[in-house]
file my_file32.cif (mmCIF, C-alpha atoms)
data_entry
loop_
_atom_site.group_PDB
_atom_site.id
_atom_site.type_symbol
_atom_site.label_atom_id
_atom_site.label_comp_id
_atom_site.auth_asym_id
_atom_site.auth_seq_id
_atom_site.Cartn_x
_atom_site.Cartn_y
_atom_site.Cartn_z
ATOM 1 C CA MET A 1 102.524 99.067 86.206
ATOM 2 C CA ALA A 2 104.446 101.460 84.006
ATOM 3 C CA VAL A 3 106.626 104.519 84.502
ATOM 4 C CA PHE A 4 106.747 107.362 81.991
ATOM 5 C CA GLY A 5 110.043 109.128 81.348
ATOM 6 C CA ALA A 6 112.944 109.081 83.764
ATOM 7 C CA ASP A 7 112.335 106.238 86.216
ATOM 8 C CA PRO A 8 112.862 107.405 89.823
ATOM 9 C CA PHE A 9 112.542 103.866 91.198
ATOM 10 C CA GLY A 10 115.579 102.165 89.658
ATOM 11 C CA THR A 11 115.193 98.414 90.117
ATOM 12 C CA GLU A 12 112.911 98.756 93.163
ATOM 13 C CA LEU A 13 109.704 98.545 91.125
ATOM 14 C CA GLU A 14 110.773 95.287 89.464
ATOM 15 C CA HIS A 15 111.707 93.841 92.862
ATOM 16 C CA ALA A 16 108.407 94.920 94.434
ATOM 17 C CA LEU A 17 106.338 93.367 91.636
ATOM 18 C CA LYS A 18 108.361 90.171 91.227
ATOM 19 C CA GLY A 19 106.124 87.129 91.738
ATOM 20 C CA LYS A 20 103.002 89.254 92.347
ATOM 21 C CA LYS A 21 99.799 88.411 90.489
ATOM 22 C CA LEU A 22 96.261 89.650 90.123
ATOM 23 C CA GLY A 23 94.376 86.405 89.736
ATOM 24 C CA SER A 24 96.450 84.467 87.226
ATOM 25 C CA HIS A 25 97.957 87.593 85.627
ATOM 26 C CA PRO A 26 101.488 88.459 86.744
ATOM 27 C CA PHE A 27 102.399 92.075 87.394
ATOM 28 C CA ALA A 28 105.118 93.539 85.187
ATOM 29 C CA ALA A 29 107.110 96.746 85.416
ATOM 30 C CA LEU A 30 107.105 98.644 82.112
ATOM 31 C CA HIS A 31 109.059 101.736 81.148
ATOM 32 C CA PHE A 32 108.082 104.241 78.465
ATOM 33 C CA ALA A 33 110.776 106.835 77.828
ATOM 34 C CA THR A 34 108.813 108.982 75.360
ATOM 35 C CA LEU A 35 105.260 109.640 74.172
ATOM 36 C CA ASP A 36 106.018 107.681 70.998
ATOM 37 C CA GLU A 37 106.889 104.623 73.107
ATOM 38 C CA LEU A 38 103.803 104.915 75.332
ATOM 39 C CA GLY A 39 101.943 101.625 75.150
ATOM 40 C CA GLU A 40 99.236 99.645 76.892
ATOM 41 C CA CYS A 41 99.255 99.517 80.688
ATOM 42 C CA GLN A 42 96.750 99.650 83.541
ATOM 43 C CA ILE A 43 98.704 101.921 85.910
ATOM 44 C CA LEU A 44 101.016 104.685 84.719
ATOM 45 C CA PHE A 45 103.228 106.660 87.093
ATOM 46 C CA VAL A 46 104.234 110.103 85.826
ATOM 47 C CA PRO A 47 107.153 111.557 87.827
ATOM 48 C CA GLU A 48 107.118 115.263 88.671
ATOM 49 C CA LYS A 49 109.705 116.177 86.042
ATOM 50 C CA GLU A 50 107.505 114.540 83.369
ATOM 51 C CA GLU A 51 104.259 116.267 84.435
ATOM 52 C CA PRO A 52 104.505 118.868 81.625
ATOM 53 C CA SER A 53 103.634 115.939 79.292
ATOM 54 C CA LEU A 54 100.530 115.053 81.308
ATOM 55 C CA ALA A 55 98.021 116.646 78.891
ATOM 56 C CA LYS A 56 99.459 114.658 75.972
ATOM 57 C CA ILE A 57 99.491 111.461 78.033
ATOM 58 C CA LEU A 58 95.848 112.023 78.983
ATOM 59 C CA GLU A 59 94.897 112.560 75.352
ATOM 60 C CA ARG A 60 96.599 109.333 74.273
ATOM 61 C CA GLY A 61 94.932 107.339 77.032
ATOM 62 C CA LYS A 62 91.468 108.833 76.600
ATOM 63 C CA GLY A 63 88.741 106.225 76.916
ATOM 64 C CA ARG A 64 91.082 103.540 78.242
ATOM 65 C CA PRO A 65 91.015 102.149 81.784
ATOM 66 C CA VAL A 66 94.408 103.512 82.846
ATOM 67 C CA LEU A 67 95.029 104.860 86.336
ATOM 68 C CA LEU A 68 97.429 107.803 86.082
ATOM 69 C CA ILE A 69 99.434 108.502 89.202
ATOM 70 C CA GLY A 70 101.307 111.781 89.583
ATOM 71 C CA GLU A 71 103.865 112.995 92.066
ATOM 72 C CA THR A 72 102.347 116.386 92.946
ATOM 73 C CA ALA A 73 98.892 117.650 93.893
ATOM 74 C CA ALA A 74 99.011 119.707 90.689
ATOM 75 C CA ALA A 75 99.118 116.454 88.693
ATOM 76 C CA ALA A 76 95.754 115.391 90.130
ATOM 77 C CA GLU A 77 94.337 118.851 89.475
ATOM 78 C CA ALA A 78 95.581 118.563 85.864
ATOM 79 C CA GLY A 79 93.875 115.214 85.270
ATOM 80 C CA ALA A 80 95.853 112.415 86.898
ATOM 81 C CA GLY A 81 93.570 110.128 88.903
ATOM 82 C CA ILE A 82 95.801 109.999 91.953
ATOM 83 C CA ALA A 83 98.751 112.018 93.215
ATOM 84 C CA LEU A 84 101.108 110.797 95.908
ATOM 85 C CA PHE A 85 103.255 113.557 97.391
ATOM 86 C CA PHE A 86 104.914 114.702 100.582
ATOM 87 C CA GLU A 87 103.652 117.714 102.496
ATOM 88 C CA LYS A 88 105.345 118.657 105.759
ATOM 89 C CA SER A 89 107.144 115.280 105.706
ATOM 90 C CA LYS A 90 103.862 113.339 105.521
ATOM 91 C CA LEU A 91 102.695 111.305 102.560
ATOM 92 C CA GLN A 92 99.520 112.812 101.125
ATOM 93 C CA VAL A 93 97.043 111.388 98.630
ATOM 94 C CA ALA A 94 95.044 113.568 96.253
ATOM 95 C CA VAL A 95 92.291 112.036 94.121
ATOM 96 C CA ASN A 96 90.597 113.506 91.082
ATOM 97 C CA GLN A 97 87.368 111.486 91.038
ATOM 98 C CA HIS A 98 86.300 112.948 87.694
ATOM 99 C CA ALA A 99 89.529 111.741 86.065
ATOM 100 C CA VAL A 100 89.193 108.295 87.647
ATOM 101 C CA ARG A 101 85.579 107.933 86.488
ATOM 102 C CA ALA A 102 86.465 109.185 82.994
ATOM 103 C CA SER A 103 88.928 106.294 82.786
ATOM 104 C CA GLY A 104 86.148 103.859 83.645
ATOM 105 C CA LEU A 105 87.756 103.004 86.971
ATOM 106 C CA GLU A 106 86.471 102.990 90.519
ATOM 107 C CA LEU A 107 88.511 103.579 93.680
ATOM 108 C CA SER A 108 87.858 101.926 97.000
ATOM 109 C CA SER A 109 86.033 103.880 99.664
ATOM 110 C CA GLU A 110 88.950 103.163 102.011
ATOM 111 C CA LEU A 111 91.362 105.000 99.712
ATOM 112 C CA LEU A 112 88.932 107.883 99.317
ATOM 113 C CA LYS A 113 88.743 108.278 103.118
ATOM 114 C CA LEU A 114 92.509 108.938 103.144
ATOM 115 C CA ALA A 115 92.526 111.285 100.177
ATOM 116 C CA ARG A 116 92.126 114.963 99.545
ATOM 117 C CA LEU A 117 89.624 115.310 96.705
ATOM 118 C CA VAL A 118 90.644 117.683 93.919
ATOM 119 C CA GLY A 119 89.191 118.632 90.568
ATOM 120 C CA VAL A 120 85.639 117.913 91.720
ATOM 121 C CA ARG A 121 83.148 120.740 91.271
ATOM 122 C CA LYS A 122 80.789 121.496 94.138
ATOM 123 C CA GLU A 123 77.370 123.128 93.848
ATOM 124 C CA GLY A 124 77.531 126.667 92.512
ATOM 125 C CA GLY A 125 80.454 125.852 90.194
ATOM 126 C CA ALA A 126 83.221 126.374 92.743
ATOM 127 C CA LYS A 127 86.022 123.876 93.066
#

call {"tool": "encode", "arguments": {"input": "my_file32.cif", "output": "structure tokens"}}
result
Amino acid sequence: MAVFGADPFGTELEHALKGKKLGSHPFAALHFATLDELGECQILFVPEKEEPSLAKILERGKGRPVLLIGETAAAAEAGAGIALFFEKSKLQVAVNQHAVRASGLELSSELLKLARLVGVRKEGGAK
């Protein structure tokens, strides 16, 4: 997992991922301060203050299986696959299925049951 720009997690991300593996592959916390530093990762968290760079991040990751996670519903509407944000003191999940599919990824049906779907066109062209 990687964080773009100013890291809001401090050392918490490293602690949470320490010793965790997917199969035989250990998780690692990566940090990319700028677009020039942006490298390979499977999950990229883009904090709210970095969301103005989202279009450039999307362009650089085009065609790669990277799950972009934003911190506002607007991030999902702008192309992040998932947004995690608070609304009325409750954690909300917004999913842009088009963005997830464009990355070649698939989300679990259990996650989709919890999520508000955004950026998906319905019949007649309305969002």

call {"tool": "resolve_selection", "arguments": {"input": "my_file32.cif", "expression": "the PyMOL selection byres ((chain A and resi 27) around 12)", "output": "count of residues only"}}
result
22

call {"tool": "closest_residue", "arguments": {"input": "my_file32.cif", "among": "A:Ala55, A:Lys49, A:Lys113, A:Gly5", "to": "Phe32 (chain A)", "atoms": "only C-alpha atoms"}}
result
A:Gly5

call {"tool": "residues_near_point", "arguments": {"input": "my_file32.cif", "point": "(97.6, 112.1, 100.6)", "cutoff": "7 Å", "atoms": "only C-alpha atoms", "output": "PyMOL selection string"}}
result
chain A and resi 84-85+91-94+114-116

call {"tool": "atom_distance", "arguments": {"input": "my_file32.cif", "atom1": "CA of Ala102 (chain A)", "atom2": "CA of Arg64 (chain A)"}}
result
8.7 Å

call {"tool": "closest_residue", "arguments": {"input": "my_file32.cif", "among": "A:Val46, A:Leu117, A:Leu107, A:Ile57", "to": "Glu77 (chain A)", "atoms": "all atoms listed in the file"}}
result
A:Leu117

call {"tool": "resolve_selection", "arguments": {"input": "my_file32.cif", "expression": "the PyMOL selection byres ((chain A and resi 4) around 8)", "output": "number ranges by chain"}}
result
A: 2-3, 5-7, 31-34, 38, 44-47, 50

call {"tool": "resolve_selection", "arguments": {"input": "my_file32.cif", "expression": "the PyMOL selection byres ((chain A and resi 63) around 8)", "output": "list in words"}}
result
Gly61, Lys62, Arg64, Pro65, Ala102, Ser103 and Gly104 of chain A

call {"tool": "decode", "arguments": {"input": "my_file32.cif", "residues": "region 71-93 of chain A", "atoms": "N, CA and C atoms", "output": "tab-separated table (two decimals), in the first residue's frame"}}
result
chain	number	residue	atom	x	y	z
A	71	GLU	N	-10.25	10.32	-0.22
A	71	GLU	CA	-10.74	10.66	1.11
A	71	GLU	C	-12.04	11.46	1.09
A	72	THR	N	-12.58	11.68	-0.12
A	72	THR	CA	-13.86	12.38	-0.25
A	72	THR	C	-14.68	11.69	-1.34
A	73	ALA	N	-15.99	11.87	-1.29
A	73	ALA	CA	-16.86	11.32	-2.33
A	73	ALA	C	-16.48	11.89	-3.69
A	74	ALA	N	-16.03	13.14	-3.71
A	74	ALA	CA	-15.62	13.78	-4.96
A	74	ALA	C	-14.46	13.03	-5.61
A	75	ALA	N	-13.60	12.41	-4.81
A	75	ALA	CA	-12.47	11.66	-5.36
A	75	ALA	C	-12.98	10.48	-6.18
A	76	ALA	N	-13.98	9.78	-5.67
A	76	ALA	CA	-14.55	8.65	-6.42
A	76	ALA	C	-15.23	9.15	-7.68
A	77	GLU	N	-15.92	10.26	-7.59
A	77	GLU	CA	-16.58	10.83	-8.77
A	77	GLU	C	-15.56	11.29	-9.81
A	78	ALA	N	-14.35	11.62	-9.36
A	78	ALA	CA	-13.29	12.10	-10.27
A	78	ALA	C	-12.43	10.96	-10.81
A	79	GLY	N	-12.69	9.71	-10.36
A	79	GLY	CA	-11.95	8.60	-10.94
A	79	GLY	C	-11.24	7.67	-9.98
A	80	ALA	N	-11.23	7.99	-8.69
A	80	ALA	CA	-10.68	7.03	-7.72
A	80	ALA	C	-11.65	5.85	-7.64
A	81	GLY	N	-11.14	4.66	-7.40
A	81	GLY	CA	-12.00	3.49	-7.33
A	81	GLY	C	-12.87	3.48	-6.10
A	82	ILE	N	-12.29	3.90	-4.98
A	82	ILE	CA	-13.00	3.89	-3.70
A	82	ILE	C	-12.72	5.20	-2.98
A	83	ALA	N	-13.70	5.70	-2.26
A	83	ALA	CA	-13.51	6.84	-1.37
A	83	ALA	C	-14.02	6.44	0.01
A	84	LEU	N	-13.24	6.73	1.01
A	84	LEU	CA	-13.62	6.51	2.40
A	84	LEU	C	-13.71	7.88	3.05
A	85	PHE	N	-14.88	8.23	3.58
A	85	PHE	CA	-15.07	9.57	4.13
A	85	PHE	C	-16.12	9.53	5.22
A	86	PHE	N	-16.12	10.56	6.06
A	86	PHE	CA	-17.11	10.66	7.11
A	86	PHE	C	-18.22	11.60	6.69
A	87	GLU	N	-19.45	11.17	6.98
A	87	GLU	CA	-20.63	11.98	6.72
A	87	GLU	C	-21.53	11.82	7.94
A	88	LYS	N	-21.81	12.94	8.60
A	88	LYS	CA	-22.60	12.91	9.83
A	88	LYS	C	-22.00	11.92	10.83
A	89	SER	N	-20.69	11.98	10.99
A	89	SER	CA	-19.93	11.16	11.94
A	89	SER	C	-19.95	9.66	11.65
A	90	LYS	N	-20.38	9.27	10.46
A	90	LYS	CA	-20.37	7.86	10.08
A	90	LYS	C	-19.45	7.66	8.89
A	91	LEU	N	-18.67	6.59	8.95
A	91	LEU	CA	-17.80	6.26	7.84
A	91	LEU	C	-18.64	5.80	6.66
A	92	GLN	N	-18.40	6.42	5.50
A	92	GLN	CA	-19.11	6.09	4.28
A	92	GLN	C	-18.12	5.55	3.25
A	93	VAL	N	-18.62	4.72	2.35
A	93	VAL	CA	-17.81	4.16	1.28
A	93	VAL	C	-18.50	4.50	-0.04
